[in-house]
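Student: Here you go, this is data-v9.cif (mmCIF, C-alpha atoms).
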```
data_model
loop_
_atom_site.label_atom_id
_atom_site.label_comp_id
_atom_site.auth_asym_id
_atom_site.auth_seq_id
_atom_site.Cartn_x
_atom_site.Cartn_y
_atom_site.Cartn_z
CA MET A 28 1.68 54.59 -35.98
CA ASP A 29 0.12 54.32 -32.51
CA ARG A 30 1.83 51.40 -30.72
CA VAL A 31 -0.95 51.17 -28.15
CA ARG A 32 -3.64 50.61 -30.77
CA GLU A 33 -1.35 48.16 -32.54
CA ILE A 34 -1.14 46.05 -29.38
CA ALA A 35 -4.94 46.00 -29.16
CA LEU A 36 -5.12 44.96 -32.81
CA LYS A 37 -2.77 42.02 -32.27
CA VAL A 38 -4.91 40.78 -29.38
CA LEU A 39 -8.11 41.05 -31.42
CA TYR A 40 -6.47 39.25 -34.36
CA ASN A 41 -5.37 36.42 -32.07
CA VAL A 42 -8.87 36.08 -30.61
CA ASP A 43 -10.56 36.25 -34.01
CA LYS A 44 -8.16 34.16 -36.10
CA ASN A 45 -6.82 31.66 -33.57
CA GLY A 46 -9.76 31.36 -31.18
CA ALA A 47 -7.68 32.62 -28.24
CA TYR A 48 -9.43 33.71 -25.04
CA SER A 49 -9.33 37.49 -24.77
CA ASN A 50 -7.97 37.66 -21.22
CA ILE A 51 -5.13 35.24 -21.98
CA ALA A 52 -4.30 36.85 -25.33
CA LEU A 53 -4.31 40.30 -23.73
CA ASP A 54 -2.02 39.24 -20.87
CA GLU A 55 0.45 37.63 -23.27
CA GLU A 56 0.55 40.63 -25.60
CA LEU A 57 1.00 43.08 -22.72
CA LYS A 58 3.80 40.95 -21.31
CA GLN A 59 5.56 41.04 -24.67
CA ALA A 60 4.93 44.75 -25.09
CA ARG A 61 6.46 45.58 -21.69
CA LYS A 62 9.72 44.01 -22.88
CA ASN A 63 9.80 46.20 -25.99
CA LEU A 64 8.16 49.42 -24.78
CA LYS A 65 9.57 51.22 -21.76
CA SER A 66 6.78 53.81 -21.88
CA LEU A 67 3.77 51.48 -21.56
CA ASP A 68 1.97 52.85 -18.50
CA ALA A 69 -1.30 52.13 -16.64
CA ARG A 70 -3.22 54.55 -18.86
CA ASP A 71 -1.98 52.77 -22.01
CA ILE A 72 -2.91 49.38 -20.56
CA GLY A 73 -6.36 50.69 -19.65
CA PHE A 74 -6.93 51.97 -23.21
CA ILE A 75 -5.77 48.67 -24.74
CA SER A 76 -8.09 46.71 -22.45
CA GLU A 77 -10.95 49.09 -23.26
CA ILE A 78 -10.55 48.51 -27.00
CA VAL A 79 -10.14 44.74 -26.71
CA TYR A 80 -13.09 44.05 -24.41
CA GLY A 81 -15.21 46.74 -26.04
CA CYS A 82 -14.74 45.29 -29.53
CA ILE A 83 -15.46 41.75 -28.37
CA THR A 84 -18.53 42.82 -26.40
CA TRP A 85 -19.98 44.81 -29.31
CA THR A 86 -18.90 42.62 -32.26
CA LEU A 87 -22.41 41.96 -33.60
CA THR A 88 -23.37 45.64 -33.49
CA ILE A 89 -20.10 46.85 -35.00
CA ASP A 90 -20.24 44.26 -37.79
CA ASP A 91 -23.74 45.45 -38.64
CA ILE A 92 -22.34 48.95 -39.11
CA ILE A 93 -19.53 47.59 -41.30
CA LYS A 94 -22.10 45.78 -43.47
CA LYS A 95 -23.97 49.05 -43.92
CA TYR A 96 -21.01 50.72 -45.64
CA SER A 97 -18.86 47.91 -47.05
CA THR A 98 -19.22 46.44 -50.53
CA ILE A 99 -17.02 43.52 -49.40
CA LYS A 100 -18.60 40.83 -47.25
CA ILE A 101 -17.10 40.43 -43.79
CA LYS A 102 -16.17 36.79 -44.47
CA LYS A 103 -14.07 37.92 -47.45
CA MET A 104 -12.09 40.54 -45.48
CA SER A 105 -8.59 40.05 -44.17
CA PRO A 106 -8.80 39.41 -40.40
CA TRP A 107 -6.34 42.29 -39.91
CA ILE A 108 -8.47 44.76 -41.85
CA LEU A 109 -11.71 43.54 -40.27
CA ASN A 110 -10.33 44.05 -36.77
CA ILE A 111 -8.89 47.45 -37.66
CA LEU A 112 -12.40 48.44 -38.74
CA ARG A 113 -13.94 47.00 -35.59
CA MET A 114 -11.59 48.76 -33.19
CA SER A 115 -11.86 52.07 -35.06
CA ILE A 116 -15.67 51.93 -35.18
CA TYR A 117 -15.78 51.05 -31.49
CA GLN A 118 -13.82 54.21 -30.72
CA ILE A 119 -16.00 56.38 -32.97
CA VAL A 120 -19.35 55.07 -31.73
CA PHE A 121 -18.77 54.13 -28.08
CA LEU A 122 -15.82 56.20 -26.78
CA ASP A 123 -16.75 59.85 -26.32
CA LYS A 124 -13.24 60.93 -25.33
CA VAL A 125 -11.61 59.73 -28.57
CA PRO A 126 -11.92 62.25 -31.44
CA LYS A 127 -13.25 60.69 -34.61
CA SER A 128 -10.29 62.09 -36.55
CA ALA A 129 -7.85 60.20 -34.30
CA ALA A 130 -9.75 56.93 -34.65
CA VAL A 131 -9.90 57.30 -38.45
CA ASN A 132 -6.27 58.36 -38.92
CA GLU A 133 -4.85 55.64 -36.68
CA GLY A 134 -7.09 53.04 -38.32
CA VAL A 135 -5.80 54.05 -41.75
CA ASN A 136 -2.18 53.95 -40.52
CA LEU A 137 -2.70 50.43 -39.16
CA ALA A 138 -4.27 49.38 -42.48
CA LYS A 139 -1.16 50.61 -44.32
CA GLN A 140 1.00 48.51 -42.02
CA TYR A 141 -1.14 45.34 -42.03
CA GLY A 142 -2.69 45.57 -45.49
CA HIS A 143 -1.86 47.43 -48.69
CA LYS A 144 -2.73 50.77 -50.29
CA ALA A 145 -6.15 49.58 -51.42
CA SER A 146 -6.82 48.34 -47.87
CA SER A 147 -6.03 51.71 -46.33
CA ASN A 148 -8.25 53.49 -48.87
CA PHE A 149 -11.04 50.99 -48.11
CA VAL A 150 -10.71 51.53 -44.34
CA ASN A 151 -10.59 55.30 -44.78
CA ALA A 152 -13.73 55.33 -46.95
CA ILE A 153 -15.77 53.32 -44.43
CA LEU A 154 -14.59 55.06 -41.28
CA ARG A 155 -15.31 58.54 -42.61
CA LYS A 156 -18.95 57.53 -43.11
CA VAL A 157 -19.41 55.99 -39.66
CA ASP A 158 -21.17 58.06 -37.01
CA LYS A 159 -22.70 57.56 -33.56
CA LYS A 160 -26.08 57.83 -35.28
CA ASP A 161 -25.46 54.46 -36.90
CA TYR A 162 -25.90 52.92 -33.46
CA GLU A 163 -28.65 55.28 -32.28
CA ASP A 164 -30.77 54.39 -35.32
CA MET A 165 -30.84 50.75 -34.22
CA PHE A 166 -33.13 51.65 -31.31
CA SER A 167 -35.84 52.48 -33.89
CA ILE A 168 -35.95 48.92 -35.26
CA LYS A 169 -39.56 47.78 -34.96
CA ASP A 170 -38.99 44.06 -34.48
CA ASP A 171 -38.32 43.63 -30.75
CA LYS A 172 -35.89 40.72 -31.00
CA GLU A 173 -33.88 42.31 -33.81
CA ARG A 174 -33.74 45.61 -31.91
CA ILE A 175 -32.48 43.92 -28.73
CA SER A 176 -29.95 41.85 -30.66
CA LYS A 177 -28.43 44.82 -32.48
CA THR A 178 -28.54 47.36 -29.65
CA THR A 179 -27.02 44.96 -27.09
CA SER A 180 -24.85 42.90 -29.46
CA MET A 181 -26.55 39.69 -28.36
CA PRO A 182 -26.86 36.62 -30.62
CA MET A 183 -30.47 35.88 -31.51
CA TRP A 184 -30.37 32.32 -30.17
CA ILE A 185 -29.57 33.58 -26.66
CA ILE A 186 -32.51 35.99 -26.83
CA ASP A 187 -34.79 33.14 -27.93
CA GLU A 188 -33.62 30.99 -24.99
CA LEU A 189 -34.19 33.81 -22.49
CA LEU A 190 -37.66 34.45 -23.89
CA LYS A 191 -38.71 30.95 -22.81
CA ASP A 192 -38.71 32.14 -19.20
CA ASN A 193 -38.95 35.95 -19.37
CA SER A 194 -40.93 38.76 -20.98
CA ILE A 195 -39.45 40.77 -23.85
CA GLU A 196 -38.89 43.69 -21.45
CA GLU A 197 -37.04 41.47 -18.99
CA VAL A 198 -34.89 39.98 -21.75
CA GLU A 199 -33.94 43.44 -22.99
CA LYS A 200 -32.84 44.43 -19.48
CA ILE A 201 -30.83 41.20 -19.05
CA CYS A 202 -29.05 41.82 -22.36
CA GLN A 203 -28.32 45.45 -21.47
CA ASN A 204 -26.93 44.46 -18.08
CA SER A 205 -24.73 41.81 -19.69
CA ASN A 206 -22.74 44.68 -21.25
CA LEU A 207 -22.17 46.59 -18.01
CA ARG A 208 -18.69 47.02 -16.63
CA PRO A 209 -18.19 44.28 -14.04
CA LYS A 210 -17.54 45.24 -10.46
CA LEU A 211 -14.29 44.06 -8.90
CA ASN A 212 -14.87 42.31 -5.58
CA ILE A 213 -12.37 41.03 -3.06
CA ARG A 214 -13.02 38.60 -0.21
CA ILE A 215 -11.33 39.21 3.11
CA ASN A 216 -9.51 36.14 4.44
CA THR A 217 -10.76 36.21 8.03
CA LEU A 218 -8.34 33.40 8.90
CA LYS A 219 -5.54 35.97 8.67
CA THR A 220 -7.04 39.43 9.08
CA ASP A 221 -10.25 41.48 9.25
CA LYS A 222 -12.12 43.83 6.93
CA GLN A 223 -11.09 47.09 8.59
CA THR A 224 -7.40 46.21 8.45
CA ILE A 225 -7.63 45.47 4.72
CA ILE A 226 -9.56 48.69 4.08
CA GLU A 227 -6.78 50.66 5.77
CA GLU A 228 -4.04 48.79 3.88
CA LEU A 229 -5.73 49.38 0.52
CA GLN A 230 -6.37 53.03 1.26
CA LYS A 231 -2.62 53.47 1.91
CA GLU A 232 -2.18 52.24 -1.69
CA ASN A 233 -4.68 54.94 -2.81
CA ILE A 234 -7.23 52.25 -3.67
CA VAL A 235 -10.88 53.20 -3.18
CA VAL A 236 -13.07 50.52 -1.58
CA ARG A 237 -16.62 50.23 -0.30
CA ASP A 238 -18.64 47.56 1.46
CA GLY A 239 -20.09 44.77 -0.62
CA ILE A 240 -23.45 43.09 -0.11
CA LEU A 241 -21.88 40.18 1.79
CA LYS A 242 -20.06 40.74 5.08
CA ASP A 243 -16.66 39.38 4.00
CA PHE A 244 -16.58 41.29 0.70
CA LEU A 245 -15.46 44.69 -0.54
CA VAL A 246 -15.97 46.44 -3.87
CA VAL A 247 -12.73 47.84 -5.24
CA GLU A 248 -12.90 50.89 -7.49
CA GLY A 249 -10.50 51.37 -10.40
CA ALA A 250 -7.59 49.29 -9.07
CA LYS A 251 -5.16 47.46 -11.34
CA ASN A 252 -2.88 44.49 -10.62
CA LEU A 253 -4.18 43.71 -7.14
CA GLU A 254 -2.20 40.46 -7.30
CA ASN A 255 1.01 42.49 -7.00
CA LEU A 256 0.05 43.92 -3.61
CA LYS A 257 1.85 42.55 -0.56
CA SER A 258 -1.47 41.99 1.25
CA PHE A 259 -2.68 39.79 -1.63
CA GLN A 260 0.54 37.79 -1.77
CA GLU A 261 0.38 37.29 2.00
CA GLY A 262 -3.09 35.80 1.56
CA LYS A 263 -5.03 38.47 3.41
CA PHE A 264 -7.59 38.71 0.63
CA THR A 265 -8.50 37.09 -2.66
CA ILE A 266 -10.40 38.23 -5.74
CA GLN A 267 -13.91 36.77 -5.98
CA ASP A 268 -17.28 37.99 -7.24
CA GLU A 269 -19.96 38.19 -4.57
CA ALA A 270 -22.29 35.98 -6.59
CA ALA A 271 -19.70 33.21 -6.32
CA GLY A 272 -19.24 33.98 -2.63
CA LEU A 273 -22.92 33.53 -1.87
CA ILE A 274 -22.83 29.86 -2.93
CA PRO A 275 -20.64 28.58 -0.03
CA ILE A 276 -22.68 30.73 2.36
CA ILE A 277 -25.87 28.98 1.27
CA LEU A 278 -24.26 25.54 1.61
CA ASN A 279 -23.29 26.65 5.14
CA PRO A 280 -20.51 24.15 5.93
CA LYS A 281 -19.82 23.62 9.63
CA GLN A 282 -16.58 23.01 11.50
CA GLY A 283 -15.63 19.33 11.51
CA GLU A 284 -17.85 18.37 8.58
CA LYS A 285 -16.80 16.36 5.52
CA ILE A 286 -17.42 18.36 2.34
CA LEU A 287 -17.08 17.50 -1.36
CA ASP A 288 -16.45 20.23 -3.92
CA ALA A 289 -16.72 18.20 -7.12
CA CYS A 290 -15.91 21.01 -9.60
CA SER A 291 -13.51 23.04 -7.50
CA SER A 292 -11.08 24.91 -9.76
CA PRO A 293 -9.83 27.62 -9.47
CA GLY A 294 -10.62 27.31 -5.76
CA GLY A 295 -12.49 30.46 -4.77
CA LYS A 296 -15.54 28.65 -3.40
CA THR A 297 -13.44 25.81 -1.98
CA THR A 298 -11.29 28.16 0.04
CA TYR A 299 -14.27 30.23 1.16
CA MET A 300 -15.89 27.09 2.56
CA SER A 301 -12.63 26.41 4.41
CA GLN A 302 -12.73 29.93 5.78
CA ILE A 303 -16.36 29.56 6.93
CA MET A 304 -15.32 26.30 8.65
CA ASN A 305 -12.44 28.12 10.37
CA ASN A 306 -10.03 25.71 8.66
CA ASN A 307 -11.49 22.86 10.74
CA GLY A 308 -12.88 19.81 8.94
CA ASP A 309 -12.24 17.96 5.69
CA ILE A 310 -12.82 19.22 2.16
CA VAL A 311 -12.23 16.97 -0.84
CA ALA A 312 -11.73 19.07 -3.98
CA TRP A 313 -11.99 17.53 -7.44
CA ASP A 314 -11.21 18.67 -10.93
CA ILE A 315 -10.70 16.70 -14.11
CA HIS A 316 -7.36 18.36 -15.00
CA GLN A 317 -4.13 18.39 -12.99
CA HIS A 318 -3.23 21.96 -13.99
CA ARG A 319 -6.58 23.17 -12.67
CA ILE A 320 -6.14 21.26 -9.43
CA LYS A 321 -2.85 23.12 -9.00
CA LEU A 322 -4.79 26.40 -9.07
CA VAL A 323 -6.80 25.19 -6.07
CA GLU A 324 -3.65 24.08 -4.26
CA ASP A 325 -1.86 27.38 -4.93
CA THR A 326 -4.82 29.44 -3.72
CA ALA A 327 -5.18 27.34 -0.56
CA LYS A 328 -1.47 27.66 0.19
CA ARG A 329 -1.51 31.44 -0.24
CA LEU A 330 -4.54 31.77 2.04
CA GLY A 331 -3.03 29.52 4.72
CA ILE A 332 -5.65 26.78 4.39
CA SER A 333 -4.77 23.18 5.28
CA ILE A 334 -8.05 21.20 5.23
CA ILE A 335 -8.38 20.78 1.46
CA LYS A 336 -7.44 17.44 -0.09
CA THR A 337 -7.25 17.71 -3.89
CA GLU A 338 -7.89 14.84 -6.29
CA VAL A 339 -7.83 14.69 -10.09
CA LYS A 340 -11.23 13.15 -10.70
CA ASP A 341 -13.96 12.97 -13.35
CA ALA A 342 -17.12 13.81 -11.42
CA THR A 343 -19.28 11.82 -13.85
CA LEU A 344 -17.60 8.53 -12.85
CA LEU A 345 -18.62 6.63 -9.73
CA GLU A 346 -16.16 6.61 -6.80
CA GLU A 347 -17.45 3.83 -4.56
CA LYS A 348 -15.35 4.69 -1.53
CA TYR A 349 -17.29 7.93 -1.14
CA LEU A 350 -20.83 6.49 -1.27
CA GLY A 351 -22.85 8.11 1.54
CA TYR A 352 -19.67 9.68 2.94
CA PHE A 353 -20.09 13.47 2.82
CA ASP A 354 -22.10 15.75 5.10
CA LYS A 355 -22.42 18.37 2.37
CA ILE A 356 -21.66 18.63 -1.34
CA LEU A 357 -21.08 21.62 -3.59
CA LEU A 358 -21.72 21.17 -7.31
CA ASP A 359 -20.81 24.38 -9.10
CA VAL A 360 -21.04 22.62 -12.43
CA PRO A 361 -19.61 23.55 -15.85
CA CYS A 362 -22.20 25.64 -17.71
CA MET A 363 -22.86 27.89 -20.69
CA GLY A 364 -21.73 30.90 -18.63
CA MET A 365 -24.49 33.25 -19.78
CA GLY A 366 -24.51 34.99 -16.40
CA VAL A 367 -20.91 36.24 -16.74
CA LEU A 368 -20.91 37.77 -20.22
CA LYS A 369 -19.80 41.17 -18.91
CA ARG A 370 -16.61 39.49 -17.62
CA LYS A 371 -16.20 37.02 -20.48
CA PRO A 372 -17.80 38.48 -23.63
CA ASP A 373 -16.03 35.82 -25.73
CA ILE A 374 -18.69 33.37 -24.55
CA LYS A 375 -21.33 35.01 -26.76
CA TRP A 376 -19.38 34.08 -29.86
CA LYS A 377 -17.76 30.79 -28.75
CA LYS A 378 -20.92 29.10 -27.45
CA LYS A 379 -23.64 27.89 -29.81
CA LYS A 380 -27.21 26.77 -29.24
CA GLU A 381 -26.27 23.15 -29.97
CA ASP A 382 -23.78 23.27 -27.06
CA LEU A 383 -26.69 23.53 -24.64
CA GLU A 384 -27.74 19.90 -25.06
CA ASP A 385 -24.21 18.61 -24.43
CA ILE A 386 -23.65 20.75 -21.34
CA THR A 387 -26.96 19.76 -19.75
CA LYS A 388 -26.09 16.08 -20.24
CA LEU A 389 -22.80 16.70 -18.43
CA GLN A 390 -24.56 18.60 -15.64
CA GLU A 391 -27.11 15.81 -15.20
CA ALA A 392 -24.35 13.19 -15.08
CA ILE A 393 -22.44 15.10 -12.40
CA LEU A 394 -25.55 15.67 -10.28
CA ASN A 395 -26.80 12.09 -10.60
CA GLN A 396 -23.42 10.60 -9.70
CA CYS A 397 -22.30 12.98 -6.96
CA SER A 398 -25.66 12.93 -5.16
CA LYS A 399 -24.84 9.31 -4.26
CA TYR A 400 -21.96 10.50 -2.08
CA LEU A 401 -24.24 12.41 0.29
CA LYS A 402 -25.17 11.10 3.73
CA GLU A 403 -28.83 10.82 4.66
CA GLY A 404 -29.85 14.16 6.07
CA GLY A 405 -26.97 15.82 4.19
CA GLU A 406 -27.30 18.89 2.00
CA LEU A 407 -26.26 19.53 -1.59
CA VAL A 408 -26.00 22.87 -3.40
CA TYR A 409 -26.23 22.89 -7.20
CA SER A 410 -25.15 26.12 -8.86
CA THR A 411 -24.25 27.62 -12.22
CA CYS A 412 -23.14 31.01 -13.51
CA SER A 413 -25.81 30.66 -16.17
CA ILE A 414 -29.32 32.07 -16.60
CA LEU A 415 -30.83 29.54 -19.00
CA PRO A 416 -33.68 27.40 -17.55
CA GLU A 417 -32.48 24.18 -19.22
CA GLU A 418 -29.31 24.24 -17.09
CA ASN A 419 -31.07 25.29 -13.93
CA GLU A 420 -34.66 24.84 -12.74
CA ASN A 421 -35.61 22.44 -15.55
CA LEU A 422 -32.65 20.20 -14.75
CA ILE A 423 -33.38 20.27 -11.00
CA GLU A 424 -37.06 19.43 -11.49
CA LYS A 425 -36.05 16.46 -13.64
CA PHE A 426 -33.59 15.27 -10.95
CA ILE A 427 -36.19 15.51 -8.17
CA GLU A 428 -38.71 13.54 -10.25
CA SER A 429 -36.19 10.70 -10.58
CA ASN A 430 -34.82 10.90 -7.01
CA SER A 431 -37.65 10.85 -4.50
CA ASN A 432 -35.13 10.67 -1.65
CA PHE A 433 -34.19 14.32 -2.29
CA TYR A 434 -36.22 17.48 -1.74
CA ILE A 435 -35.56 21.16 -2.42
CA GLU A 436 -34.89 23.32 0.63
CA ASP A 437 -35.85 26.96 1.05
CA ILE A 438 -32.77 29.16 0.96
CA GLN A 439 -32.91 31.12 4.18
CA ASN A 440 -30.08 33.03 5.83
CA LEU A 441 -29.32 36.67 6.44
CA GLU A 442 -26.68 36.92 3.74
CA SER A 443 -28.89 35.51 0.98
CA GLU A 444 -31.79 37.67 2.16
CA LYS A 445 -29.77 40.71 1.08
CA PHE A 446 -29.78 39.30 -2.43
CA PHE A 447 -33.48 38.43 -2.26
CA GLN A 448 -34.32 42.00 -1.34
CA LYS A 449 -32.19 43.47 -4.10
CA PHE A 450 -32.55 41.01 -6.97
CA ILE A 451 -34.84 38.34 -8.43
CA LYS A 452 -35.95 35.21 -6.63
CA LYS A 453 -37.94 32.57 -8.51
CA GLY A 454 -39.94 30.09 -6.48
CA ARG A 455 -37.79 27.66 -4.55
CA PHE A 456 -34.64 28.60 -6.45
CA LEU A 457 -32.40 31.62 -6.34
CA GLN A 458 -32.05 32.96 -9.88
CA VAL A 459 -30.21 36.26 -10.15
CA TYR A 460 -29.79 37.93 -13.53
CA PRO A 461 -26.80 40.14 -14.41
CA ASN A 462 -27.18 43.52 -12.72
CA GLU A 463 -25.24 46.58 -11.60
CA GLU A 464 -23.67 44.77 -8.65
CA THR A 465 -23.12 41.11 -9.53
CA ASP A 466 -22.99 38.49 -12.24
CA GLY A 467 -25.96 36.30 -13.08
CA PHE A 468 -26.19 32.94 -11.31
CA PHE A 469 -28.48 30.14 -10.15
CA ILE A 470 -28.48 28.32 -6.80
CA CYS A 471 -30.57 25.42 -5.56
CA LYS A 472 -30.20 23.73 -2.17
CA MET A 473 -31.38 20.14 -1.70
CA GLN A 474 -31.46 17.73 1.22
CA LYS A 475 -31.27 13.95 1.17
CA LYS A 476 -34.10 12.44 3.18
CA ILE A 477 -33.43 10.21 6.16
CA SER A 478 -34.89 6.80 5.39
CA LYS A 479 -37.50 5.45 7.79
CA THR A 480 -36.55 2.22 9.50
#
```
Using structure tokens, write down the structure that the file contains.

Tutor:
Amino acid sequence: MDRVREIALKVLYNVDKNGAYSNIALDEELKQARKNLKSLDARDIGFISEIVYGCITWTLTIDDIIKKYSTIKIKKMSPWILNILRMSIYQIVFLDKVPKSAAVNEGVNLAKQYGHKASSNFVNAILRKVDKKDYEDMFSIKDDKERISKTTSMPMWIIDELLKDNSIEEVEKICQNSNLRPKLNIRINTLKTDKQTIIEELQKENIVVRDGILKDFLVVEGAKNLENLKSFQEGKFTIQDEAAGLIPIILNPKQGEKILDACSSPGGKTTYMSQIMNNNGDIVAWDIHQHRIKLVEDTAKRLGISIIKTEVKDATLLEEKYLGYFDKILLDVPCMGMGVLKRKPDIKWKKKKEDLEDITKLQEAILNQCSKYLKEGGELVYSTCSILPEENENLIEKFIESNSNFYIEDIQNLESEKFFQKFIKKGRFLQVYPNEETDGFFICKMQKKISKT
């Protein structure tokens, strides 16, 4: 039996049966496997990751193929057998370099180990019928929404939400892009080094890099375990998507200013603001959980940043000592995460339509409360890694209607212009959908009016 595929199966079982997050479950299983398997190399780890993330990304599509050939309903199947079918079908349909015979034989062997004789016969019978054409035929479905759902493995409720603000052609493109392989970006810590030095250091490690869209960012090609590099541990760079990096740039914190980052963990945006400020000023960083605050503290320490003061705080509760205190505020609020599905495909299956109402109430509460901490003339950036209008422009419009002392600013700087030229801008907001280069995200910049006396 193939030990590599067995590791992938255990991760998928843990995600499916226990509701584990794929990245955490994968890391834990690989850690355990390294203790038991001396021969687990980078290629093995890459194949395991491919199967895990591929199966989770394409669950809806794969399950539709299972339904086509199975006389047993998916809900009645053993989670072990179901996930053996999923991972085997993923290899047959989506991985050109894996021979069908290998996917079938290894699937049957796993079924013998994790099921019984009838299970292995059942798996064998289904897998021998499966073909790439099962997926190709889905593109001929006449109903547009059903076709998009099955060919991109996107839940129908997400498609319906996206259709409120986009054409059917735009929604199809968004769903397709949500399945792209995410780019790996790193941000140069200019407090310690410069871009050219990091390029040279990474090239010595045989890591291929190219310039990102933003000046402090690089795109890293095909590298694994960047955290193990000496240059990472010394705080010369950190891992951050460019979409996330654009948010502090738009807030544009200045040296000596007082800044609030009300939803700061894990600290990427917080530390980038510190970097932009040349580690000169005061940043108050909140999160509701102590263990998440520690992530901010650890990142700041590694990057050599000293201006961040962390506090365990619920951003929906009023903190009177900060009323009118801050020059600028960043609210990168909790959201549905529909802009980062290519990094976190679990979200498609963990989030439900009914969650949208609860999350928007939380977002509104954070915005309404934290806006009180801004000085007159101060600026506030509201952002999400989501692409649903209820969390973004609709929420902002509602806030502005109720808070006449705020107005929306045009987002204008050279760095954001690069995004405007390349991606989608909607009205006064910056709404970028998932694409070949970045995640999807939303940014709005507001200013608090100076009262007339």

Student: Identify the residues around (-30.6, 14.1, 2.9) within a radius of 6 Å, measuring from all atoms listed in the file in the coordinates stated by the file, and give them as a list in words.

Tutor: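 In the file's frame, the residues around the point are Glu403, Gly404, Gly405, Glu406, Gln474, Lys475, Lys476 and Ile477 of chain A.
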
Student: For each of A:Lys159, A:Lys172, A:Lys379, A:Lys336, take the minimum atom-to-atom distance to A:Leu287, counting only C-alpha atoms, then give the residue where this is smallest.

Tutor: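 When distances to A:Leu287 are compared using only C-alpha atoms, the smallest one comes from A:Lys336.
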
Student: Please provide the set of residues having any atom within 10 Å of stretch 87-95 of chain A, restricted to only C-alpha atoms, with same-chain residues fewer than 4 positions apart removed, written as a compact mmCIF listing (two decimals) with C-alpha atoms, in the frame of the given file.

Tutor:
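The resulting file, around-v3.txt, is reproduced below:
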```txt
# COMPACT_ATOMS: atom_id res chain seq x y z
CA CYS A 82 -14.74 45.29 -29.53
CA ILE A 83 -15.46 41.75 -28.37
CA ILE A 99 -17.02 43.52 -49.40
CA LYS A 100 -18.60 40.83 -47.25
CA ILE A 101 -17.10 40.43 -43.79
CA LEU A 109 -11.71 43.54 -40.27
CA ASN A 110 -10.33 44.05 -36.77
CA LEU A 112 -12.40 48.44 -38.74
CA ARG A 113 -13.94 47.00 -35.59
CA MET A 114 -11.59 48.76 -33.19
CA SER A 115 -11.86 52.07 -35.06
CA ILE A 116 -15.67 51.93 -35.18
CA TYR A 117 -15.78 51.05 -31.49
CA VAL A 120 -19.35 55.07 -31.73
CA ILE A 153 -15.77 53.32 -44.43
CA LEU A 154 -14.59 55.06 -41.28
CA LYS A 156 -18.95 57.53 -43.11
CA VAL A 157 -19.41 55.99 -39.66
CA ASP A 158 -21.17 58.06 -37.01
CA ASP A 161 -25.46 54.46 -36.90
CA TYR A 162 -25.90 52.92 -33.46
CA MET A 165 -30.84 50.75 -34.22
CA SER A 176 -29.95 41.85 -30.66
CA LYS A 177 -28.43 44.82 -32.48
CA THR A 178 -28.54 47.36 -29.65
CA THR A 179 -27.02 44.96 -27.09
CA SER A 180 -24.85 42.90 -29.46
CA MET A 181 -26.55 39.69 -28.36
CA PRO A 182 -26.86 36.62 -30.62
CA LYS A 375 -21.33 35.01 -26.76
CA TRP A 376 -19.38 34.08 -29.86
```

Student: If you measure from atom CA of A:Val79 to atom CA of A:Lys139, what distance in Å do you get, rounded to one decimal?

Tutor: 20.6 Å

Student: Identify, on the basis of only C-alpha atoms, every residue whose closest approach to A:Asp288 does not exceed 7 Å; exclude the query and any residue fewer than 5 positions from it along the same chain; express the result as a PDB file with C-alpha atoms, in the frame of the given file.

Tutor:
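Contents of the output file around_29.pdb:
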```pdb
ATOM      1  CA  THR A 297     -13.440  25.810  -1.980  1.00  0.00           C
ATOM      2  CA  VAL A 311     -12.230  16.970  -0.840  1.00  0.00           C
ATOM      3  CA  ALA A 312     -11.730  19.070  -3.980  1.00  0.00           C
ATOM      4  CA  TRP A 313     -11.990  17.530  -7.440  1.00  0.00           C
ATOM      5  CA  ILE A 356     -21.660  18.630  -1.340  1.00  0.00           C
ATOM      6  CA  LEU A 357     -21.080  21.620  -3.590  1.00  0.00           C
ATOM      7  CA  LEU A 358     -21.720  21.170  -7.310  1.00  0.00           C
TER       8      LEU A 358
END
```

Student: Hey, which of A:Glu464, A:Phe264, A:Gly142, A:Trp85 ends up closest to A:Ile240? Count only C-alpha atoms.

Tutor: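 The answer is A:Glu464, which sits nearest to A:Ile240.
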
Student: Using the chain letters and numbers from this file, what does the PyMOL selection byres ((chain A and resi 268) around 8) select? Give the answer as a VMD selection string.

Tutor: chain A and resid 210 to 213 266 to 267 269 to 272 465 to 466

Student: Evaluate the PyMOL selection byres ((chain A and resi 217-221) around 8) and record the selected residues as a compact mmCIF listing (two decimals) with C-alpha atoms, in the coordinates of the input, following the chain and residue labels used in the document.

Tutor:
```txt
# COMPACT_ATOMS: atom_id res chain seq x y z
CA ILE A 215 -11.33 39.21 3.11
CA ASN A 216 -9.51 36.14 4.44
CA LYS A 222 -12.12 43.83 6.93
CA GLN A 223 -11.09 47.09 8.59
CA THR A 224 -7.40 46.21 8.45
CA ILE A 225 -7.63 45.47 4.72
CA ASP A 243 -16.66 39.38 4.00
CA GLY A 262 -3.09 35.80 1.56
CA LYS A 263 -5.03 38.47 3.41
CA GLN A 302 -12.73 29.93 5.78
CA ASN A 305 -12.44 28.12 10.37
CA ASN A 306 -10.03 25.71 8.66
CA LEU A 330 -4.54 31.77 2.04
CA GLY A 331 -3.03 29.52 4.72
```

Student: Quick one: which residues end up in the PyMOL selection byres ((chain A and resi 456-460) around 10) for this structure, as a count of residues only?

Tutor: 46

Student: For stretch 77-93 of chain A, take all atoms listed in the file, fit an axis-aligned box around them, add 6 Å to each of the six sides, then output centre and edge lengths in Å rounded to one decimal, as lines of an AutoDock Vina configuration file.

Tutor:
```
center_x = -16.9
center_y = 45.4
center_z = -32.3
size_x = 25.6
size_y = 19.3
size_z = 30.0
```
